[in-house]
Amino acid sequence: MPLIDEAEALLDEGLMSLLESNFTTRNGLILDLNGNAWLRWRADGLDAWWRLFEEAIDAPMGRRLANSACDEEEWLLNSQEIDNSGFFRRKKSSKSLIQRWRIRGWGEPSINPPSIAGIGLTPVFAGLLQAAIERIDSKRYRMRWEEKTSESCILTLDKSTYPVAPTHQSCESYSSGTPSRIEVESEWRIDGQRYHLLPAGLFKRLQDSCAGLIANISEDERAAWPVIDDGFLSLAIACKNLYIAGEEIFLASDANGWKESCNAHFAPRGISTPLSVKSMDDNGGIELFFKEVPIPSITVGFLAGAWTRCEGRPVKVGMKIDSSGVNITLQSRYELA
């Protein structure tokens, strides 16, 4: 009788099949069937990133995060994925919602009473559930959340007079790629660690919500980045610091090494991979060209963290975005003797 590998036996074949039929991949992007970009986050990494982001932007942002999640999910639900009609419409919509959350690793939602089990970063999932309930009820609500345990929360929804108006698209949509088999265990775990698929547009909305805020960023750090808004910088610096604090080993001695390591480390996250890479100098300077980058602040932040880990020195970042794509340069922040 053939032996079954223990890890293989733990894989959730049903969830893997659903992922394969609902998402595609191309050039390091994770795309749904409508071409919207998604990012893969480890649950504890998302929590850590959030703390770093709030430290950088120097303001309490939980409500803005919840609103960003709500607005993005409202846009995505225009796909009519949870819309139903006829008898037991609300019950059927609830089942559709549970399936939607299962596919994306969001925990288990309930619309009556409004609550979530098995959650991660609470404001994100509270906002996602608010959008779904507003869609099902065709009403606006003022939402408050209360954490009951580390993995559950309840929502209080009060009727709002705010009109139900369609939200705008936050990120560009792309042409689909090829179905990809992602090996996951039950409850969206990989090697026992919990993960989520989150829409890239959520982070773009969060970035835009920072307009007018002055981040807590030193002048030395600011000088190492392009002149750009503080929302962008806060997202990027949080990603950089998260990657530096992590345990991943990023090795790249030349342009080919950078391309291979980006494919290995960043393609699974959905943050895009470069079409071309070239060396700039003898001190580790590198130039990367991307055709499509859904949320540049996150991509450039992780790249900056990878360069710092790889080279062991502070990084200086350059970025140019135009109709042809995104060009990113990473060099030593200080001249070497």
# chains A, B, ... in the order shown; residues from 1 in each chain; ligands from 1
>>> residues_around(residues="region 257-268 of chain A", least_positions_apart="2", cutoff="9 Å", atoms="only C-alpha atoms", output="PyMOL selection string")
chain A and resi 25-30+39-40+182+248+250-255+270-278+286+288+299+302-303
>>> select_by_dssp(residues="region 68-220 of chain A", states="helix (DSSP H, G or I)", output="PyMOL selection string")
chain A and resi 68-79+89-104+122-137+200-209+219-220
>>> residues_around(residues="region 108-112 of chain A", least_positions_apart="3", cutoff="12 Å", atoms="only C-alpha atoms", output="ChimeraX atom specification")
/A:90-105,115-120,125-137,151-157,187-188
>>> atom_distance(atom1="CA of Ala66 (chain A)", atom2="CA of Val293 (chain A)")
23.7 Å
>>> residues_around(residues="Ala200 (chain A)", least_positions_apart="5", cutoff="12 Å", atoms="only C-alpha atoms", output="PyMOL selection string")
chain A and resi 29-32+35-41+68-69+72-73+76+169-173+205-207+269-272+293-299
>>> residues_around(residues="Asp58 (chain A)", least_positions_apart="6", cutoff="10 Å", atoms="only C-alpha atoms", output="ChimeraX atom specification")
/A:52,213-217,234
>>> residues_around(residues="Leu121 (chain A)", least_positions_apart="4", cutoff="10 Å", atoms="only C-alpha atoms", output="NGL selection string")
:A and (43-44 or 46-48 or 50 or 62 or 65-66 or 106 or 125-126 or 150-151)
>>> atom_distance(atom1="CA of Leu33 (chain A)", atom2="CA of Ser176 (chain A)")
6.8 Å
>>> atom_distance(atom1="CA of Asp12 (chain A)", atom2="CA of Glu185 (chain A)")
4.8 Å
>>> closest_residue(among="A:Pro179, A:Pro123, A:Gly301, A:Pro113", to="Ile237 (chain A)", atoms="only C-alpha atoms")
A:Gly301
>>> residues_around(residues="region 310-317 of chain A", least_positions_apart="5", cutoff="6 Å", atoms="only C-alpha atoms", output="VMD selection string")
chain A and resid 224 to 225 250 to 251 329 to 333
>>> closest_residue(among="A:Glu147, A:Asp220, A:Glu183, A:Glu81", to="Glu20 (chain A)", atoms="only C-alpha atoms")
A:Glu183
